[in-house]
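Colleague: Structure file query-v4.txt, compact mmCIF, C-alpha atoms, is pasted below:
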# COMPACT_ATOMS: atom_id res chain seq x y z
CA MET A 1 -3.26 -1.77 0.62
CA SER A 2 -3.09 -0.30 -0.07
CA ARG A 3 -5.85 1.13 0.79
CA ALA A 4 -8.37 -1.60 1.34
CA ARG A 5 -5.82 -3.82 -0.01
CA LEU A 6 -3.42 -1.47 1.16
CA LEU A 7 -4.39 0.55 -1.50
CA SER A 8 -7.69 -0.65 -2.64
CA GLY A 9 -8.97 0.98 0.40
CA THR A 10 -7.63 4.48 0.13
CA ALA A 11 -10.11 7.26 0.41
CA THR A 12 -9.47 8.13 -3.20
CA ALA A 13 -10.70 4.69 -4.21
CA LEU A 14 -14.19 5.91 -3.41
CA LEU A 15 -13.94 8.32 -6.32
CA ALA A 16 -12.41 5.60 -8.46
CA VAL A 17 -15.52 3.50 -7.99
CA ALA A 18 -17.62 6.31 -9.36
CA LEU A 19 -15.30 6.85 -12.29
CA ALA A 20 -15.36 3.16 -13.13
CA GLY A 21 -18.92 3.51 -14.33
CA CYS A 22 -18.25 6.47 -16.60
CA ALA A 23 -18.05 5.96 -20.34
CA GLY A 24 -14.92 7.04 -22.13
CA TRP A 25 -12.23 6.26 -19.55
CA GLY A 26 -11.03 3.17 -21.37
CA GLY A 27 -8.63 3.52 -24.25
CA GLY A 28 -9.10 0.64 -26.63
CA GLY A 29 -7.57 -2.78 -26.69
CA GLY A 30 -3.88 -2.03 -26.77
CA GLY A 31 -1.41 -2.11 -29.62
CA SER A 32 -3.51 0.41 -31.48
CA GLY A 33 -0.95 3.14 -32.18
CA GLY A 34 1.85 3.71 -34.63
CA ALA A 35 5.60 3.60 -34.19
CA ASN A 36 5.66 6.83 -32.19
CA SER A 37 3.01 5.83 -29.69
CA ILE A 38 2.76 3.58 -26.68
CA ASP A 39 -0.08 1.69 -25.03
CA VAL A 40 -0.54 1.98 -21.27
CA LEU A 41 -2.75 -0.28 -19.16
CA MET A 42 -3.51 1.21 -15.75
CA VAL A 43 -5.80 1.27 -12.73
CA ASN A 44 -8.54 3.89 -12.64
CA ASN A 45 -7.52 5.58 -9.40
CA PRO A 46 -8.06 9.36 -9.42
CA GLN A 47 -4.33 10.12 -9.66
CA MET A 48 -4.17 7.98 -12.80
CA ILE A 49 -7.17 9.77 -14.28
CA ASP A 50 -5.36 13.08 -13.70
CA LEU A 51 -2.39 11.64 -15.56
CA GLN A 52 -4.54 10.60 -18.48
CA ARG A 53 -6.04 14.07 -18.74
CA LEU A 54 -2.68 15.83 -18.59
CA THR A 55 -0.69 13.62 -20.96
CA ALA A 56 -1.69 14.92 -24.40
CA ASP A 57 -1.13 18.62 -23.70
CA THR A 58 2.19 18.06 -21.96
CA PHE A 59 4.05 14.80 -22.51
CA THR A 60 2.86 14.26 -26.08
CA LYS A 61 3.51 17.88 -27.07
CA GLN A 62 7.00 17.72 -25.61
CA THR A 63 8.03 14.34 -27.03
CA GLY A 64 5.74 13.66 -29.98
CA ILE A 65 4.85 10.32 -28.39
CA SER A 66 1.11 9.67 -28.22
CA VAL A 67 -0.20 7.55 -25.36
CA ASN A 68 -3.17 5.20 -25.72
CA PHE A 69 -4.62 4.47 -22.28
CA THR A 70 -6.71 1.52 -21.19
CA VAL A 71 -8.06 2.35 -17.74
CA LEU A 72 -9.87 -0.25 -15.62
CA PRO A 73 -10.99 -0.80 -12.01
CA GLU A 74 -8.37 -2.41 -9.78
CA ASN A 75 -9.53 -6.02 -9.80
CA ASP A 76 -10.16 -5.91 -13.55
CA VAL A 77 -6.83 -4.30 -14.36
CA ARG A 78 -4.93 -6.84 -12.24
CA ASP A 79 -6.59 -9.68 -14.14
CA LYS A 80 -5.94 -8.09 -17.52
CA ILE A 81 -2.31 -7.26 -16.74
CA SER A 82 -1.72 -10.81 -15.54
CA GLN A 83 -3.21 -12.27 -18.72
CA GLU A 84 -1.40 -9.82 -20.98
CA PHE A 85 2.02 -10.01 -19.39
CA SER A 86 2.01 -13.77 -18.81
CA SER A 87 1.27 -14.32 -22.50
CA GLN A 88 3.85 -11.70 -23.54
CA ALA A 89 1.57 -10.62 -26.35
CA GLY A 90 3.17 -7.20 -26.47
CA GLN A 91 -0.10 -5.32 -26.86
CA TYR A 92 0.73 -3.04 -23.95
CA ASP A 93 4.07 -1.39 -23.41
CA VAL A 94 3.54 -0.07 -19.87
CA ALA A 95 1.30 -1.17 -17.00
CA SER A 96 0.58 0.01 -13.48
CA LEU A 97 1.78 -2.66 -11.07
CA SER A 98 2.31 -2.61 -7.32
CA ASN A 99 5.38 -3.57 -5.34
CA PHE A 100 3.60 -6.87 -4.65
CA GLU A 101 3.50 -7.96 -8.31
CA ILE A 102 6.71 -6.43 -9.65
CA PRO A 103 9.26 -8.80 -8.02
CA ILE A 104 7.04 -11.75 -8.97
CA TYR A 105 6.74 -10.60 -12.58
CA ALA A 106 10.48 -9.93 -12.71
CA ARG A 107 11.25 -13.52 -11.70
CA SER A 108 8.99 -14.69 -14.51
CA LYS A 109 10.76 -12.33 -16.96
CA TRP A 110 7.49 -10.66 -17.88
CA ILE A 111 8.85 -7.15 -17.32
CA ALA A 112 12.06 -5.45 -18.41
CA PRO A 113 14.82 -4.18 -16.10
CA LEU A 114 15.13 -0.40 -15.99
CA ASP A 115 18.70 0.02 -14.74
CA ASP A 116 20.22 1.06 -18.08
CA TYR A 117 17.53 3.69 -18.57
CA VAL A 118 18.02 5.05 -15.06
CA ARG A 119 21.77 5.36 -15.55
CA ALA A 120 21.35 7.14 -18.87
CA ASP A 121 18.53 9.44 -17.71
CA THR A 122 20.28 11.45 -15.00
CA ALA A 123 17.51 14.06 -15.01
CA PHE A 124 15.14 11.46 -13.55
CA ASP A 125 17.17 11.52 -10.31
CA GLN A 126 16.75 8.01 -8.98
CA ALA A 127 18.51 9.06 -5.78
CA ASP A 128 15.49 11.26 -5.00
CA ILE A 129 13.20 8.21 -4.95
CA LEU A 130 12.70 7.14 -1.35
CA LYS A 131 15.02 4.22 -0.68
CA PRO A 132 12.36 1.73 0.51
CA MET A 133 10.48 2.28 -2.76
CA THR A 134 13.56 1.46 -4.82
CA GLN A 135 14.21 -1.60 -2.64
CA SER A 136 10.67 -2.90 -2.99
CA LEU A 137 10.81 -2.57 -6.80
CA THR A 138 14.15 -4.33 -7.08
CA ALA A 139 14.06 -8.07 -7.76
CA ASP A 140 16.22 -10.89 -6.44
CA ASP A 141 18.68 -10.38 -9.30
CA GLY A 142 19.46 -6.90 -7.98
CA LYS A 143 17.87 -5.13 -10.95
CA LEU A 144 15.22 -2.42 -10.82
CA TYR A 145 11.93 -3.29 -12.54
CA GLY A 146 9.57 -0.47 -11.62
CA GLU A 147 9.29 3.23 -10.82
CA PRO A 148 6.73 4.42 -8.26
CA PHE A 149 3.89 6.73 -9.22
CA TYR A 150 2.72 7.21 -5.64
CA GLY A 151 3.21 5.31 -2.42
CA GLU A 152 2.14 4.91 1.18
CA SER A 153 3.09 3.42 4.54
CA SER A 154 1.08 3.17 7.77
CA PHE A 155 0.90 5.18 10.97
CA LEU A 156 -1.27 5.79 14.01
CA MET A 157 -3.87 8.55 13.76
CA TYR A 158 -5.45 9.90 16.93
CA ARG A 159 -7.77 12.64 18.14
CA LYS A 160 -5.54 15.13 19.90
CA ASP A 161 -8.50 16.84 21.59
CA VAL A 162 -9.85 13.58 23.01
CA LEU A 163 -6.49 12.54 24.43
CA ASP A 164 -5.85 16.04 25.78
CA ALA A 165 -9.15 15.97 27.63
CA GLN A 166 -7.95 12.88 29.49
CA GLY A 167 -4.49 14.28 30.15
CA ILE A 168 -2.89 11.77 27.78
CA THR A 169 0.20 12.49 25.69
CA MET A 170 0.75 10.21 22.71
CA PRO A 171 4.42 9.20 22.34
CA ALA A 172 5.92 10.01 18.93
CA LYS A 173 6.91 6.33 18.64
CA PRO A 174 4.40 4.40 20.76
CA THR A 175 4.50 0.74 21.65
CA TRP A 176 1.47 -1.42 21.04
CA GLN A 177 0.96 -1.78 24.79
CA GLN A 178 0.89 2.00 25.14
CA VAL A 179 -1.70 2.19 22.38
CA ALA A 180 -3.82 -0.48 24.06
CA ASP A 181 -3.62 1.35 27.38
CA ILE A 182 -4.68 4.63 25.75
CA ALA A 183 -7.53 2.90 23.92
CA ALA A 184 -8.82 1.61 27.25
CA ARG A 185 -8.60 5.06 28.84
CA VAL A 186 -10.47 6.94 26.10
CA ASP A 187 -13.02 4.26 25.23
CA GLY A 188 -16.47 5.68 25.91
CA LYS A 189 -15.21 9.00 27.29
CA GLN A 190 -17.23 10.69 24.56
CA PRO A 191 -20.68 9.27 23.79
CA GLY A 192 -20.51 6.56 21.15
CA MET A 193 -16.73 6.83 20.73
CA ALA A 194 -14.68 3.62 20.84
CA GLY A 195 -11.00 3.61 21.73
CA ILE A 196 -9.57 2.48 18.39
CA CYS A 197 -10.43 1.25 14.91
CA LEU A 198 -8.54 -1.74 13.50
CA ARG A 199 -9.47 -3.62 10.35
CA GLY A 200 -11.30 -6.89 10.90
CA GLN A 201 -12.64 -7.46 7.40
CA PRO A 202 -11.37 -10.64 5.69
CA GLY A 203 -8.83 -10.21 2.89
CA TRP A 204 -5.06 -10.50 2.51
CA GLY A 205 -4.99 -6.74 1.96
CA GLN A 206 -7.70 -5.97 4.50
CA ILE A 207 -7.16 -7.33 8.01
CA PHE A 208 -3.73 -8.76 7.24
CA ALA A 209 -2.34 -5.45 6.02
CA PRO A 210 -2.21 -4.00 9.55
CA LEU A 211 -2.13 -7.34 11.36
CA THR A 212 0.98 -8.62 9.58
CA THR A 213 2.85 -5.49 10.67
CA VAL A 214 1.79 -6.29 14.24
CA VAL A 215 3.02 -9.86 13.78
CA ASN A 216 6.36 -8.57 12.49
CA THR A 217 7.01 -6.30 15.44
CA PHE A 218 5.93 -8.97 17.96
CA GLY A 219 8.68 -11.15 16.46
CA GLY A 220 6.54 -13.36 14.26
CA THR A 221 6.62 -14.21 10.56
CA TRP A 222 4.59 -16.17 8.04
CA PHE A 223 7.65 -18.18 7.01
CA ASP A 224 11.21 -18.60 8.22
CA ALA A 225 14.04 -18.19 5.74
CA ASP A 226 13.97 -21.94 4.99
CA TRP A 227 10.22 -21.80 4.21
CA THR A 228 9.15 -23.29 7.53
CA ALA A 229 5.58 -22.10 8.14
CA ARG A 230 5.22 -20.16 11.40
CA VAL A 231 1.57 -19.08 11.44
CA ASN A 232 0.77 -20.82 14.73
CA ALA A 233 4.15 -20.11 16.32
CA PRO A 234 4.09 -18.35 19.71
CA GLU A 235 5.02 -14.92 18.35
CA PHE A 236 2.40 -14.97 15.58
CA ARG A 237 -0.17 -16.23 18.09
CA GLN A 238 0.72 -13.55 20.68
CA ALA A 239 0.44 -10.77 18.11
CA THR A 240 -2.88 -12.00 16.75
CA GLN A 241 -4.32 -12.55 20.23
CA PHE A 242 -3.29 -9.01 21.16
CA TYR A 243 -4.91 -7.57 18.03
CA VAL A 244 -8.13 -9.57 18.46
CA ASP A 245 -8.38 -8.75 22.17
CA LEU A 246 -7.79 -5.04 21.54
CA VAL A 247 -10.41 -4.67 18.83
CA ARG A 248 -12.94 -6.79 20.75
CA ALA A 249 -12.45 -4.82 23.97
CA HIS A 250 -12.05 -1.27 22.69
CA GLY A 251 -12.61 -1.37 18.93
CA GLU A 252 -15.27 -0.19 16.55
CA THR A 253 -18.78 -1.56 16.22
CA GLY A 254 -18.99 -4.22 13.50
CA ALA A 255 -15.25 -4.86 13.54
CA PRO A 256 -15.40 -8.20 11.65
CA GLN A 257 -16.76 -6.32 8.63
CA ALA A 258 -14.64 -3.18 9.00
CA GLY A 259 -11.99 -2.44 6.38
CA PHE A 260 -10.20 0.74 5.41
CA THR A 261 -13.32 2.56 4.25
CA GLU A 262 -15.35 1.67 7.33
CA CYS A 263 -12.57 2.82 9.67
CA LEU A 264 -12.13 6.01 7.67
CA ASN A 265 -15.83 6.77 8.03
CA ASN A 266 -15.79 5.92 11.74
CA PHE A 267 -12.86 8.23 12.37
CA ILE A 268 -14.29 11.14 10.40
CA GLN A 269 -17.68 10.73 12.10
CA GLY A 270 -16.17 10.76 15.59
CA ASN A 271 -16.94 7.13 16.39
CA VAL A 272 -13.35 6.21 17.30
CA ALA A 273 -10.49 8.04 19.03
CA MET A 274 -7.59 6.30 17.27
CA TRP A 275 -6.93 4.45 14.04
CA TYR A 276 -3.90 2.52 12.80
CA ASP A 277 -3.89 2.36 9.00
CA ALA A 278 -2.55 3.74 5.72
CA THR A 279 -0.82 7.12 5.54
CA SER A 280 -2.95 7.84 2.48
CA ALA A 281 -5.94 8.34 4.80
CA ALA A 282 -4.56 11.64 6.05
CA GLY A 283 -5.57 13.55 2.94
CA SER A 284 -9.24 12.78 3.60
CA LEU A 285 -8.96 13.53 7.30
CA GLU A 286 -7.40 16.93 6.62
CA ALA A 287 -9.65 17.84 3.69
CA ALA A 288 -11.30 21.24 3.82
CA ASP A 289 -14.73 19.74 4.50
CA SER A 290 -13.58 17.15 7.05
CA PRO A 291 -15.15 17.61 10.52
CA VAL A 292 -11.91 16.36 12.12
CA LYS A 293 -9.54 18.61 10.15
CA GLY A 294 -6.88 20.02 12.47
CA LYS A 295 -7.86 17.70 15.33
CA ILE A 296 -5.67 14.76 14.32
CA GLY A 297 -2.24 13.81 15.57
CA TYR A 298 0.02 11.38 13.70
CA ALA A 299 2.42 8.97 15.38
CA ALA A 300 4.71 6.26 14.05
CA ALA A 301 3.34 2.76 13.55
CA PRO A 302 3.37 1.12 17.00
CA VAL A 303 6.18 -1.31 17.80
CA VAL A 304 7.18 -4.06 20.22
CA ARG A 305 10.51 -5.62 19.25
CA THR A 306 11.38 -3.83 16.01
CA PRO A 307 12.52 -0.19 15.61
CA SER A 308 9.71 0.49 13.12
CA SER A 309 6.72 -1.41 11.75
CA GLY A 310 4.99 0.61 9.03
CA TRP A 311 4.02 -1.16 5.83
CA LEU A 312 4.96 -0.19 2.27
CA TYR A 313 2.86 -0.03 -0.89
CA ALA A 314 3.26 1.72 -4.22
CA TRP A 315 1.43 1.89 -7.51
CA SER A 316 4.30 1.80 -9.98
CA TRP A 317 5.15 1.57 -13.69
CA SER A 318 6.76 -1.36 -15.47
CA ILE A 319 7.58 -2.14 -19.09
CA GLN A 320 6.42 -5.39 -20.66
CA GLN A 321 9.39 -7.47 -21.76
CA ALA A 322 7.72 -8.16 -25.12
CA SER A 323 7.31 -4.46 -25.90
CA ASP A 324 9.19 -3.26 -28.98
CA LYS A 325 8.82 0.37 -27.82
CA LYS A 326 10.82 0.24 -24.61
CA ASP A 327 12.65 3.52 -25.23
CA ASN A 328 9.40 5.45 -25.62
CA ALA A 329 7.91 3.53 -22.71
CA TRP A 330 10.76 4.70 -20.50
CA LYS A 331 10.26 8.30 -21.61
CA PHE A 332 6.67 8.07 -20.45
CA ILE A 333 7.59 6.46 -17.13
CA SER A 334 10.36 8.94 -16.41
CA TRP A 335 7.91 11.79 -17.01
CA ALA A 336 5.00 10.29 -15.07
CA SER A 337 7.18 9.60 -12.01
CA SER A 338 9.18 12.82 -12.20
CA LYS A 339 9.44 15.86 -9.96
CA GLN A 340 8.26 17.91 -12.93
CA TYR A 341 5.04 15.92 -13.17
CA GLU A 342 4.30 16.51 -9.49
CA GLN A 343 4.77 20.23 -10.09
CA LEU A 344 2.41 20.03 -13.06
CA VAL A 345 -0.31 18.36 -10.99
CA GLY A 346 0.11 20.90 -8.22
CA GLU A 347 -0.32 23.78 -10.65
CA ARG A 348 -3.04 22.30 -12.89
CA VAL A 349 -5.06 20.11 -10.51
CA GLY A 350 -4.11 21.15 -6.98
CA TRP A 351 -1.37 20.31 -4.51
CA SER A 352 -3.60 17.99 -2.52
CA SER A 353 -3.80 15.79 -5.64
CA VAL A 354 -0.05 15.38 -6.10
CA PRO A 355 0.91 11.67 -6.36
CA ALA A 356 3.14 11.83 -3.30
CA GLY A 357 4.90 9.21 -1.20
CA LYS A 358 7.77 8.43 -3.57
CA ARG A 359 10.29 11.32 -3.67
CA SER A 360 12.26 13.09 -0.96
CA SER A 361 11.89 16.39 -2.81
CA THR A 362 8.09 16.28 -2.46
CA TYR A 363 8.52 16.79 1.26
CA GLU A 364 10.71 19.82 0.73
CA ASN A 365 8.30 21.53 -1.68
CA PRO A 366 6.72 24.53 0.12
CA ASP A 367 3.64 24.47 -2.10
CA TYR A 368 2.92 20.86 -1.17
CA LEU A 369 3.74 21.39 2.49
CA GLU A 370 1.27 24.26 2.67
CA VAL A 371 -1.64 21.84 2.16
CA ALA A 372 -0.06 18.75 3.76
CA SER A 373 1.76 20.24 6.75
CA ALA A 374 -0.08 18.12 9.32
CA PHE A 375 0.85 14.76 7.84
CA ALA A 376 3.68 15.28 5.33
CA ALA A 377 6.57 14.66 7.71
CA PRO A 378 4.95 11.66 9.46
CA THR A 379 4.18 10.14 6.05
CA ARG A 380 7.71 10.69 4.77
CA ASP A 381 9.19 9.27 7.96
CA ALA A 382 6.90 6.23 7.83
CA ILE A 383 7.91 5.40 4.26
CA ALA A 384 11.58 6.11 4.89
CA SER A 385 11.67 3.74 7.88
CA ALA A 386 9.90 0.88 6.08
CA ASP A 387 12.23 -2.02 5.33
CA PRO A 388 10.73 -4.50 2.83
CA ARG A 389 13.80 -6.74 3.01
CA ASN A 390 14.07 -6.93 6.77
CA PRO A 391 10.70 -6.08 8.37
CA GLY A 392 10.96 -8.33 11.42
CA VAL A 393 13.45 -9.96 13.77
CA GLN A 394 14.46 -12.86 11.53
CA PRO A 395 15.50 -13.40 7.88
CA ARG A 396 12.64 -13.93 5.42
CA PRO A 397 12.46 -16.03 2.26
CA ALA A 398 10.72 -13.30 0.24
CA LEU A 399 10.26 -9.53 0.09
CA GLY A 400 7.37 -7.81 1.80
CA ILE A 401 6.29 -6.13 5.03
CA GLN A 402 2.51 -6.57 5.13
CA PHE A 403 2.56 -9.41 2.62
CA VAL A 404 4.82 -12.26 1.51
CA ASP A 405 5.86 -11.55 -2.05
CA ILE A 406 4.85 -14.86 -3.62
CA PRO A 407 1.86 -15.52 -5.90
CA GLU A 408 0.35 -17.95 -3.41
CA PHE A 409 0.00 -15.32 -0.70
CA THR A 410 -3.17 -13.84 -2.15
CA ASP A 411 -5.03 -17.10 -1.51
CA LEU A 412 -3.17 -18.00 1.68
CA GLY A 413 -3.64 -14.60 3.26
CA THR A 414 -7.27 -14.35 2.22
CA GLN A 415 -8.22 -17.78 3.56
CA ALA A 416 -6.32 -17.29 6.82
CA SER A 417 -7.90 -13.85 7.24
CA GLN A 418 -11.36 -15.38 7.23
CA TYR A 419 -10.44 -17.41 10.31
CA VAL A 420 -8.97 -14.42 12.16
CA SER A 421 -12.04 -12.34 11.31
CA SER A 422 -14.15 -15.14 12.76
CA ALA A 423 -12.07 -14.95 15.94
CA ILE A 424 -12.84 -11.22 16.18
CA ALA A 425 -16.52 -12.12 15.79
CA GLY A 426 -16.18 -14.63 18.64
CA GLN A 427 -16.94 -17.60 16.42
CA MET A 428 -13.64 -19.39 17.07
CA SER A 429 -10.54 -18.97 19.18
CA VAL A 430 -7.33 -17.39 17.93
CA THR A 431 -5.61 -20.72 18.46
CA GLU A 432 -8.07 -22.51 16.19
CA ALA A 433 -7.86 -19.74 13.59
CA LEU A 434 -4.07 -19.88 13.41
CA ASP A 435 -3.93 -23.68 13.47
CA ARG A 436 -6.10 -23.64 10.37
CA GLY A 437 -3.91 -20.96 8.83
CA GLN A 438 -0.82 -23.00 9.65
CA ARG A 439 -2.08 -25.95 7.64
CA LEU A 440 -2.61 -23.68 4.64
CA ALA A 441 0.84 -22.15 5.06
CA GLU A 442 2.46 -25.59 5.31
CA ASP A 443 0.97 -26.52 1.94
CA VAL A 444 2.54 -23.41 0.40
CA ALA A 445 5.84 -23.98 2.18
CA GLU A 446 6.04 -27.54 0.91
CA ARG A 447 6.00 -26.33 -2.69
CA TYR A 448 8.90 -23.95 -2.12
CA LYS A 449 10.92 -26.46 -0.13
CA SER A 450 10.43 -28.99 -2.92
CA ARG A 451 11.67 -26.50 -5.51
CA GLU A 452 14.79 -25.71 -3.48
CA GLU A 453 15.53 -29.38 -2.88
CA GLY A 454 15.00 -30.07 -6.59
Show me, as structure tokens, the structure contained in the file I just sent.

Modeller:
Amino acid sequence: MSRARLLSGTATALLAVALAGCAGWGGGGGGSGGANSIDVLMVNNPQMIDLQRLTADTFTKQTGISVNFTVLPENDVRDKISQEFSSQAGQYDVASLSNFEIPIYARSKWIAPLDDYVRADTAFDQADILKPMTQSLTADDGKLYGEPFYGESSFLMYRKDVLDAQGITMPAKPTWQQVADIAARVDGKQPGMAGICLRGQPGWGQIFAPLTTVVNTFGGTWFDADWTARVNAPEFRQATQFYVDLVRAHGETGAPQAGFTECLNNFIQGNVAMWYDATSAAGSLEAADSPVKGKIGYAAAPVVRTPSSGWLYAWSWSIQQASDKKDNAWKFISWASSKQYEQLVGERVGWSSVPAGKRSSTYENPDYLEVASAFAAPTRDAIASADPRNPGVQPRPALGIQFVDIPEFTDLGTQASQYVSSAIAGQMSVTEALDRGQRLAEDVAERYKSREEG
């Protein structure tokens, strides 16, 4: 997730933590500007900080629209956005939301549809936005409620030199059984190097980010289309048992506490030969000072029964329904998510800092490809193959690949993840863990079945 939550665990979040303690990044309490200004509430990830620094000298000079930023750490900004948008106070015109929140907020009518703006603003080029991103930001009513700022999927990262030394060729589209077999063959072949790193840390966006994609491709699901809970169904159980067995047999030391950051560190330090996680990790692995730069291969997210299984996550922009400055808000969004803004970042900040993962044209830009050649195509392919509406083998009652796009999933996924993490630690069986998770899921399912019956 993100990142630790798909996203909260990206390598860039490490810098965000440092920035969170710096004075001056916040921008007031919202609603502080005049008629020709807007108020933006956003997460303090490094790409957002770049945006804040670049806005006055570019966007404001071009449009005359001043932008008042309030910039907060991820957990804080999620809480503040929820409070602000649920109350429809109108203090903020634009907020950074993910593809998890946007469909939920759209159903609650907290954010405004963007379709009319997109049709009128042909220069924005919506067709250039990667299709899965548009799908994940489109609500049940068929309307678009967000534009991505940057996005990610997931893929398998592996040490080419380690596999080569064992005479192993990684398939471009491996199965999970092939990955498990390779993990067994390379485990311990270099001193202190485990076969694979997989998240075991509790959290709906920690262990269940990768694990839910495994469940999907094994044929499982959290809920059937009629809201029948399926957490302890055979397919969910088989996938989870496979994951737990793999990480216990050939995974990293301290797996029950390992999230994105821990796996990133393990991979960079040469403690693991493979890692399945967010595409956003590649930038850190291929950084100029990375000891594994140039040694990494990238393969598609492993599969079993589905043609693809990578997840999908995007930090995106939405307009508060109560805003009385929607036109100016759209002008800001269309600039911040544009091809022109990516070019600006490349020229002013550096091409490795471009907020990528959302536009097809990014992956045709020679300047970007010069610094991202090793992982650009695998990242683009991973995002392009992600299907948030049909990620498994059966119809689903809600959007989402690595999550179920309902408000209750944050608690459900987090509680269930604690049991699975305990299974990795050997404190309970997978069967017991999923039986407990099933009871939690049945409580959630009952609410939705009751609503549909009512």

Colleague: Hey, which of A:Asp387, A:Asp93, A:Asp79, A:Glu252 ends up closest to Asn328 of chain A? Count only C-alpha atoms.

Modeller: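 Going through A:Asp387, A:Asp93, A:Asp79, A:Glu252 one by one, the smallest distance to Asn328 of chain A is for A:Asp93.
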
Colleague: Please work out which residues fall within 10 Å of (-4.9, -18.1, 0.8), coordinates as given in the file, with all atoms listed in the file counting, and return them as an NGL selection string.

Modeller: :A and (203-204 or 407-418 or 437 or 440-441 or 444)

Colleague: Please list, as JSON, numbers by chain, the residues that have an atom at most 12 Å away from (-1.0, 21.3, -8.2) in the coordinates of this file, counting all atoms listed in the file.

Modeller: {"A": [47, 50, 54, 339, 340, 341, 342, 343, 344, 345, 346, 347, 348, 349, 350, 351, 352, 353, 354, 355, 356, 362, 365, 366, 367, 368, 369, 370, 371]}

Colleague: Measure the distance from atom CA of Tyr150 of chain A to atom CA of Val40 of chain A in Å and round it to one decimal.

Modeller: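 Interatomic distance, atom CA of Tyr150 of chain A to atom CA of Val40 of chain A: 16.8 Å.
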
Colleague: As a VMD selection string, please: the residues near Glu101 of chain A (cut-off 10 Å, only C-alpha atoms, same-chain neighbours under 3 positions excluded).

Modeller: chain A and resid 78 82 96 to 98 104 to 106 137 316 405 to 407

Colleague: Could you take the residues named above and write them with C-alpha atoms, as an mmCIF file, keeping the file's coordinate frame?

Modeller:
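Written output follows (result36.cif):
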data_model
loop_
_atom_site.group_PDB
_atom_site.id
_atom_site.type_symbol
_atom_site.label_atom_id
_atom_site.label_comp_id
_atom_site.auth_asym_id
_atom_site.auth_seq_id
_atom_site.Cartn_x
_atom_site.Cartn_y
_atom_site.Cartn_z
ATOM 1 C CA ARG A 78 -4.930 -6.840 -12.240
ATOM 2 C CA SER A 82 -1.720 -10.810 -15.540
ATOM 3 C CA SER A 96 0.580 0.010 -13.480
ATOM 4 C CA LEU A 97 1.780 -2.660 -11.070
ATOM 5 C CA SER A 98 2.310 -2.610 -7.320
ATOM 6 C CA ILE A 104 7.040 -11.750 -8.970
ATOM 7 C CA TYR A 105 6.740 -10.600 -12.580
ATOM 8 C CA ALA A 106 10.480 -9.930 -12.710
ATOM 9 C CA LEU A 137 10.810 -2.570 -6.800
ATOM 10 C CA SER A 316 4.300 1.800 -9.980
ATOM 11 C CA ASP A 405 5.860 -11.550 -2.050
ATOM 12 C CA ILE A 406 4.850 -14.860 -3.620
ATOM 13 C CA PRO A 407 1.860 -15.520 -5.900
#

Colleague: Could you check how far atom CA of Gln52 of chain A sits from atom CA of Ser318 of chain A, in Å to one decimal?

Modeller: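 Separation of atom CA of Gln52 of chain A and atom CA of Ser318 of chain A: 16.7 Å.
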
Colleague: So which residues touch Val420 of chain A within 10 Å, counting all atoms listed in the file, skipping near sequence neighbours fewer than 6 positions away, as a list in words?

Modeller: Gly200, Gln201, Pro202, Ile207, Phe208, Leu211, Thr240, Gln241, Tyr243, Val244, Pro256, Gly426, Gln427, Met428, Ser429, Val430, Thr431, Glu432, Ala433, Leu434, Arg436 and Gly437 of chain A

Colleague: Selected residues, C-alpha atoms, written as a PDB file, in the frame of the given file, please.

Modeller:
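Done, and the output landed in again_25.pdb:
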ATOM      1  CA  GLY A 200     -11.300  -6.890  10.900  1.00  0.00           C
ATOM      2  CA  GLN A 201     -12.640  -7.460   7.400  1.00  0.00           C
ATOM      3  CA  PRO A 202     -11.370 -10.640   5.690  1.00  0.00           C
ATOM      4  CA  ILE A 207      -7.160  -7.330   8.010  1.00  0.00           C
ATOM      5  CA  PHE A 208      -3.730  -8.760   7.240  1.00  0.00           C
ATOM      6  CA  LEU A 211      -2.130  -7.340  11.360  1.00  0.00           C
ATOM      7  CA  THR A 240      -2.880 -12.000  16.750  1.00  0.00           C
ATOM      8  CA  GLN A 241      -4.320 -12.550  20.230  1.00  0.00           C
ATOM      9  CA  TYR A 243      -4.910  -7.570  18.030  1.00  0.00           C
ATOM     10  CA  VAL A 244      -8.130  -9.570  18.460  1.00  0.00           C
ATOM     11  CA  PRO A 256     -15.400  -8.200  11.650  1.00  0.00           C
ATOM     12  CA  GLY A 426     -16.180 -14.630  18.640  1.00  0.00           C
ATOM     13  CA  GLN A 427     -16.940 -17.600  16.420  1.00  0.00           C
ATOM     14  CA  MET A 428     -13.640 -19.390  17.070  1.00  0.00           C
ATOM     15  CA  SER A 429     -10.540 -18.970  19.180  1.00  0.00           C
ATOM     16  CA  VAL A 430      -7.330 -17.390  17.930  1.00  0.00           C
ATOM     17  CA  THR A 431      -5.610 -20.720  18.460  1.00  0.00           C
ATOM     18  CA  GLU A 432      -8.070 -22.510  16.190  1.00  0.00           C
ATOM     19  CA  ALA A 433      -7.860 -19.740  13.590  1.00  0.00           C
ATOM     20  CA  LEU A 434      -4.070 -19.880  13.410  1.00  0.00           C
ATOM     21  CA  ARG A 436      -6.100 -23.640  10.370  1.00  0.00           C
ATOM     22  CA  GLY A 437      -3.910 -20.960   8.830  1.00  0.00           C
TER      23      GLY A 437
END

Colleague: Could you tell me how far atom CA of Leu264 of chain A sits from atom CA of Leu285 of chain A, in Å to one decimal place?

Modeller: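 Between atom CA of Leu285 of chain A and atom CA of Leu264 of chain A the gap works out to 8.2 Å.
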
Colleague: Of the candidates A:Ala382, A:Leu130, A:Met42, A:Ala273, which one gets nearest to Gly192 of chain A if we count only C-alpha atoms?

Modeller: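 Result for the nearest residue to Gly192 of chain A: A:Ala273.
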